[in-house]
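Participant: Here you go, this is protein_37.cif (mmCIF, C-alpha atoms and all ligand atoms).
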```cif
data_protein
loop_
_atom_site.label_atom_id
_atom_site.label_comp_id
_atom_site.auth_asym_id
_atom_site.auth_seq_id
_atom_site.Cartn_x
_atom_site.Cartn_y
_atom_site.Cartn_z
CA MET A 1 -3.37 -116.96 148.79
CA PRO A 2 -5.96 -114.26 147.98
CA ARG A 3 -8.27 -113.57 150.88
CA ILE A 4 -11.86 -114.59 150.14
CA GLU A 5 -14.28 -112.03 151.51
CA PRO A 6 -17.54 -113.31 152.98
CA PRO A 7 -20.70 -112.33 151.08
CA VAL A 8 -22.31 -109.03 152.00
CA LEU A 9 -25.79 -109.62 153.40
CA ALA A 10 -28.79 -107.28 153.40
CA ASP A 11 -32.24 -107.37 154.95
CA ILE A 12 -35.01 -106.61 152.49
CA SER A 13 -38.79 -106.83 152.45
CA LEU A 14 -40.81 -107.70 149.37
CA ARG A 15 -44.48 -108.26 148.70
CA ILE A 16 -44.58 -111.29 146.41
CA ASN A 17 -47.84 -112.47 144.88
CA GLY A 18 -49.78 -110.83 147.70
CA SER A 19 -47.65 -112.13 150.60
CA ASP A 20 -45.11 -110.13 152.60
CA HIS A 21 -41.60 -111.54 152.91
CA GLU A 22 -38.75 -110.39 155.16
CA LEU A 23 -35.52 -111.81 153.77
CA THR A 24 -31.81 -111.71 154.50
CA ILE A 25 -29.96 -112.14 151.24
CA ASP A 26 -26.53 -112.03 149.67
CA THR A 27 -26.50 -108.67 147.89
CA ARG A 28 -25.51 -110.43 144.63
CA THR A 29 -28.82 -112.36 144.54
CA SER A 30 -31.01 -111.71 141.51
CA LEU A 31 -34.77 -111.60 141.89
CA LEU A 32 -34.90 -114.72 139.70
CA ASP A 33 -32.66 -116.69 142.06
CA LEU A 34 -34.49 -115.31 145.06
CA LEU A 35 -37.81 -116.55 143.70
CA ARG A 36 -36.56 -119.89 142.49
CA GLU A 37 -33.90 -120.83 145.06
CA HIS A 38 -35.10 -119.11 148.23
CA LEU A 39 -38.88 -119.25 147.89
CA ASP A 40 -39.45 -122.29 145.66
CA LEU A 41 -41.38 -120.17 143.17
CA THR A 42 -40.03 -121.86 140.06
CA GLY A 43 -42.55 -120.50 137.53
CA ALA A 44 -40.17 -117.82 136.26
CA LYS A 45 -37.63 -119.72 134.19
CA LYS A 46 -33.88 -119.30 133.81
CA GLY A 47 -33.35 -119.51 130.07
CA CYS A 48 -30.17 -117.52 129.57
CA ASP A 49 -29.52 -115.61 132.84
CA HIS A 50 -28.27 -112.77 130.62
CA GLY A 51 -31.37 -110.72 129.78
CA GLN A 52 -31.69 -112.19 126.30
CA CYS A 53 -34.65 -114.59 126.30
CA GLY A 54 -37.41 -113.19 128.53
CA ALA A 55 -38.18 -116.57 130.16
CA CYS A 56 -37.66 -114.98 133.58
CA THR A 57 -40.05 -112.04 133.07
CA ILE A 58 -41.95 -110.93 136.17
CA LEU A 59 -43.78 -107.75 137.17
CA ILE A 60 -42.01 -105.33 139.51
CA ASP A 61 -44.40 -102.66 140.79
CA GLY A 62 -46.63 -103.46 137.81
CA ARG A 63 -43.93 -103.13 135.15
CA ARG A 64 -42.40 -106.11 133.34
CA ALA A 65 -38.76 -106.83 133.96
CA ASN A 66 -36.20 -109.57 133.44
CA ALA A 67 -35.78 -111.07 136.91
CA CYS A 68 -32.33 -112.42 136.01
CA LEU A 69 -31.02 -108.86 135.58
CA ALA A 70 -32.73 -107.38 138.65
CA LEU A 71 -30.75 -107.44 141.88
CA ALA A 72 -33.16 -108.18 144.71
CA VAL A 73 -31.47 -105.70 147.03
CA ALA A 74 -32.20 -102.89 144.55
CA HIS A 75 -35.93 -103.58 144.84
CA ASP A 76 -36.37 -103.49 148.61
CA GLY A 77 -40.03 -102.69 149.32
CA ALA A 78 -41.25 -103.60 145.83
CA GLU A 79 -44.40 -105.45 144.87
CA ILE A 80 -43.52 -108.51 142.79
CA VAL A 81 -45.89 -110.61 140.71
CA SER A 82 -44.64 -113.82 139.15
CA ILE A 83 -46.63 -116.30 137.09
CA GLU A 84 -47.76 -117.97 140.33
CA GLY A 85 -49.60 -114.76 141.24
CA LEU A 86 -51.22 -113.93 137.91
CA ALA A 87 -54.47 -115.84 138.41
CA ASP A 88 -57.10 -114.61 140.84
CA GLY A 89 -57.38 -117.69 143.03
CA GLU A 90 -58.98 -120.39 140.88
CA GLU A 91 -59.87 -117.83 138.21
CA LEU A 92 -57.25 -117.77 135.47
CA HIS A 93 -56.01 -114.43 134.14
CA PRO A 94 -57.61 -113.61 130.74
CA LEU A 95 -54.19 -114.04 129.10
CA GLN A 96 -53.83 -117.51 130.63
CA ARG A 97 -57.26 -118.49 129.31
CA ALA A 98 -56.45 -117.10 125.86
CA PHE A 99 -53.13 -118.97 125.72
CA ILE A 100 -54.96 -122.23 126.48
CA GLU A 101 -57.75 -121.53 123.97
CA HIS A 102 -55.24 -120.64 121.23
CA ASP A 103 -52.82 -123.48 122.05
CA ALA A 104 -50.13 -120.80 122.38
CA PHE A 105 -47.38 -123.03 123.73
CA GLN A 106 -45.65 -126.31 123.08
CA CYS A 107 -43.04 -127.18 125.74
CA GLY A 108 -44.24 -124.27 127.90
CA TYR A 109 -40.78 -123.18 129.02
CA CYS A 110 -41.19 -119.63 127.75
CA THR A 111 -44.86 -119.38 128.70
CA PRO A 112 -44.61 -117.92 132.24
CA GLY A 113 -42.40 -115.17 130.84
CA GLN A 114 -44.69 -114.64 127.84
CA LEU A 115 -47.71 -114.27 130.14
CA CYS A 116 -46.07 -111.87 132.60
CA SER A 117 -44.58 -109.88 129.74
CA ALA A 118 -47.92 -109.65 127.94
CA THR A 119 -49.58 -108.49 131.17
CA GLY A 120 -47.03 -105.70 131.52
CA MET A 121 -47.20 -104.91 127.82
CA LEU A 122 -50.98 -104.44 127.87
CA ALA A 123 -50.57 -102.05 130.83
CA GLU A 124 -48.02 -100.08 128.79
CA VAL A 125 -50.51 -99.86 125.92
CA ARG A 126 -53.26 -98.71 128.31
CA ASP A 127 -50.84 -96.03 129.53
CA GLY A 128 -50.25 -94.88 125.94
CA TRP A 129 -46.62 -95.91 125.64
CA PRO A 130 -45.61 -96.02 121.95
CA SER A 131 -43.45 -98.77 120.46
CA ALA A 132 -40.96 -98.61 117.59
CA VAL A 133 -43.78 -99.36 115.12
CA THR A 134 -46.41 -97.02 116.57
CA PRO A 135 -47.27 -94.33 114.00
CA ALA A 136 -46.22 -90.87 115.09
CA GLY A 137 -48.89 -88.49 116.35
CA LEU A 138 -51.19 -91.00 118.05
CA THR A 139 -52.85 -89.58 121.12
CA GLU A 140 -53.21 -91.57 124.30
CA GLY A 141 -56.05 -94.08 124.06
CA SER A 142 -56.09 -94.20 120.24
CA LEU A 143 -53.43 -96.89 119.98
CA GLU A 144 -54.60 -99.95 118.07
CA LEU A 145 -52.93 -103.19 119.11
CA SER A 146 -52.21 -104.67 115.69
CA ASP A 147 -50.33 -107.95 115.24
CA GLU A 148 -47.31 -105.88 114.24
CA GLU A 149 -47.55 -103.96 117.53
CA ILE A 150 -47.84 -107.19 119.53
CA ARG A 151 -44.85 -108.74 117.77
CA GLU A 152 -42.75 -105.62 118.28
CA ARG A 153 -43.71 -105.20 121.93
CA MET A 154 -43.17 -108.88 122.74
CA ASN A 155 -39.88 -109.23 120.90
CA GLY A 156 -37.93 -109.64 124.14
CA ASN A 157 -39.67 -112.96 124.79
CA LEU A 158 -38.23 -115.75 122.70
CA CYS A 159 -40.02 -119.05 122.09
CA ARG A 160 -37.74 -121.86 121.07
CA CYS A 161 -40.75 -123.90 119.94
CA GLY A 162 -41.81 -121.12 117.58
CA ALA A 163 -45.35 -120.83 118.95
CA TYR A 164 -45.51 -117.18 117.89
CA ALA A 165 -48.28 -117.81 115.35
CA ASN A 166 -50.60 -118.71 118.24
CA ILE A 167 -49.14 -116.41 120.90
CA VAL A 168 -49.97 -113.29 118.88
CA PRO A 169 -53.72 -114.05 118.43
CA ALA A 170 -53.95 -115.16 122.07
CA ILE A 171 -52.64 -111.80 123.23
CA ALA A 172 -54.86 -109.96 120.73
CA GLU A 173 -57.91 -111.77 122.08
CA ALA A 174 -57.03 -111.07 125.72
CA ALA A 175 -56.34 -107.43 124.86
CA GLY A 176 -59.87 -107.09 123.51
CA GLN A 177 -61.48 -108.31 126.74
S1 LIG A 201 -33.30 -115.84 131.90
FE1 LIG A 201 -33.65 -113.73 132.09
S2 LIG A 201 -33.76 -113.02 130.06
FE2 LIG A 201 -33.20 -115.11 129.85
S1 LIG A 202 -43.44 -123.10 124.08
FE1 LIG A 202 -41.47 -124.04 124.10
S2 LIG A 202 -40.13 -122.35 124.22
FE2 LIG A 202 -42.05 -121.43 123.91
#
```
Please go through the file and, once you have read it, give me the structure as structure tokens.

Facilitator:
Amino acid sequence: MPRIEPPVLADISLRINGSDHELTIDTRTSLLDLLREHLDLTGAKKGCDHGQCGACTILIDGRRANACLALAVAHDGAEIVSIEGLADGEELHPLQRAFIEHDAFQCGYCTPGQLCSATGMLAEVRDGWPSAVTPAGLTEGSLELSDEEIRERMNGNLCRCGAYANIVPAIAEAAGQ
């Protein structure tokens, strides 16, 4: 009989949506499972658990990431924002408002990931990060967020309902605010 080793545990601290958490976790725990299974924050969705759909997108230290691919133990001390932390109290985030105004969802399963991803994406644009369709030679601050740019930059977030035609203008509107 092969010997089954007990899980390796680690103590980590995370700031999640503005609250500090001290946690003891199995070192194999992803941030997605930590949020959903340990803290009952079920906004980030498990679509594929393989980094292919973007439904689990959260912000780690302000940058978007697939929570299903991020081991929690590797992010000890990080600041995490999930969809539950995007609004400012009762005040919706501009992207949330724009998604509602543009009817940018159907079943809503991909929407938390779309919103967190778009938040991170707009920060990348503000920081002057080019995408694969950004013309060469643009200087920081001169980047125009065309529909093509939005589609390219959001291509890691799949929508099975095909709400892209409304997601793109929603993001464009929020970007202009
Ligand atoms: S659940 Fe993480 S990318 Fe699909
Ligand atoms: S709204 Fe249903 S998957 Fe995107």

Participant: Counting only C-alpha atoms, which residues sit no farther than 12 Å from the position (-56.2, -104.7, 112.9) in the file's frame? I'd like them as a ChimeraX atom specification.

Facilitator: /A:143-150,169,172-173,176

Participant: List every residue of chain A that has an atom at most 6 Å from any atom of ligand LIG 201 (chain A), giving for each one its closest atom pair and the distance in Å to one decimal, counting all atoms listed in the file, sorted by chain and then by ascending residue number, as a Markdown table.

Facilitator:
```
| residue | atom | partner | partner_atom | distance |
| --- | --- | --- | --- | --- |
| A:Lys46 | CA | A:LIG201 | S1 | 4.0 |
| A:Gly47 | CA | A:LIG201 | S1 | 4.1 |
| A:Cys48 | CA | A:LIG201 | FE2 | 3.9 |
| A:Asp49 | CA | A:LIG201 | S1 | 3.9 |
| A:His50 | CA | A:LIG201 | FE2 | 5.5 |
| A:Gly51 | CA | A:LIG201 | S2 | 3.3 |
| A:Gln52 | CA | A:LIG201 | S2 | 4.4 |
| A:Cys53 | CA | A:LIG201 | FE2 | 3.9 |
| A:Gly54 | CA | A:LIG201 | S2 | 4.0 |
| A:Ala55 | CA | A:LIG201 | FE2 | 5.2 |
| A:Cys56 | CA | A:LIG201 | FE1 | 4.5 |
| A:Asn66 | CA | A:LIG201 | FE1 | 5.1 |
| A:Ala67 | CA | A:LIG201 | FE1 | 5.9 |
| A:Cys68 | CA | A:LIG201 | FE1 | 4.3 |
```

Participant: What residues have any atom no more than 10 Å from ligand LIG 202 (chain A) when counting all atoms listed in the file, and can you list them as a ChimeraX atom specification?

Facilitator: /A:47,53,55,103-114,157-164,167

Participant: Within 12 Å of (-44.4, -108.5, 134.0) (coordinates as in the file), grab all the protein and nucleic acid residues, counting only C-alpha atoms, and write them out as an NGL selection string.

Facilitator: :A and (44 or 54-67 or 79-86 or 112-124 or 154 or 156-157)

Participant: Using all atoms listed in the file, which residue out of A:Ile25, A:Ala174, A:Leu69, A:Ala132 lies closest to A:Ser13?

Facilitator: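 Distance minimum relative to A:Ser13 lands on A:Ile25.
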
Participant: Tell me which of A:Thr27, A:Asn155, A:Ser19, A:Thr42 sits closest to A:Ala74, counting only C-alpha atoms.

Facilitator: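 For A:Ala74, the nearest of the candidates is A:Thr27.
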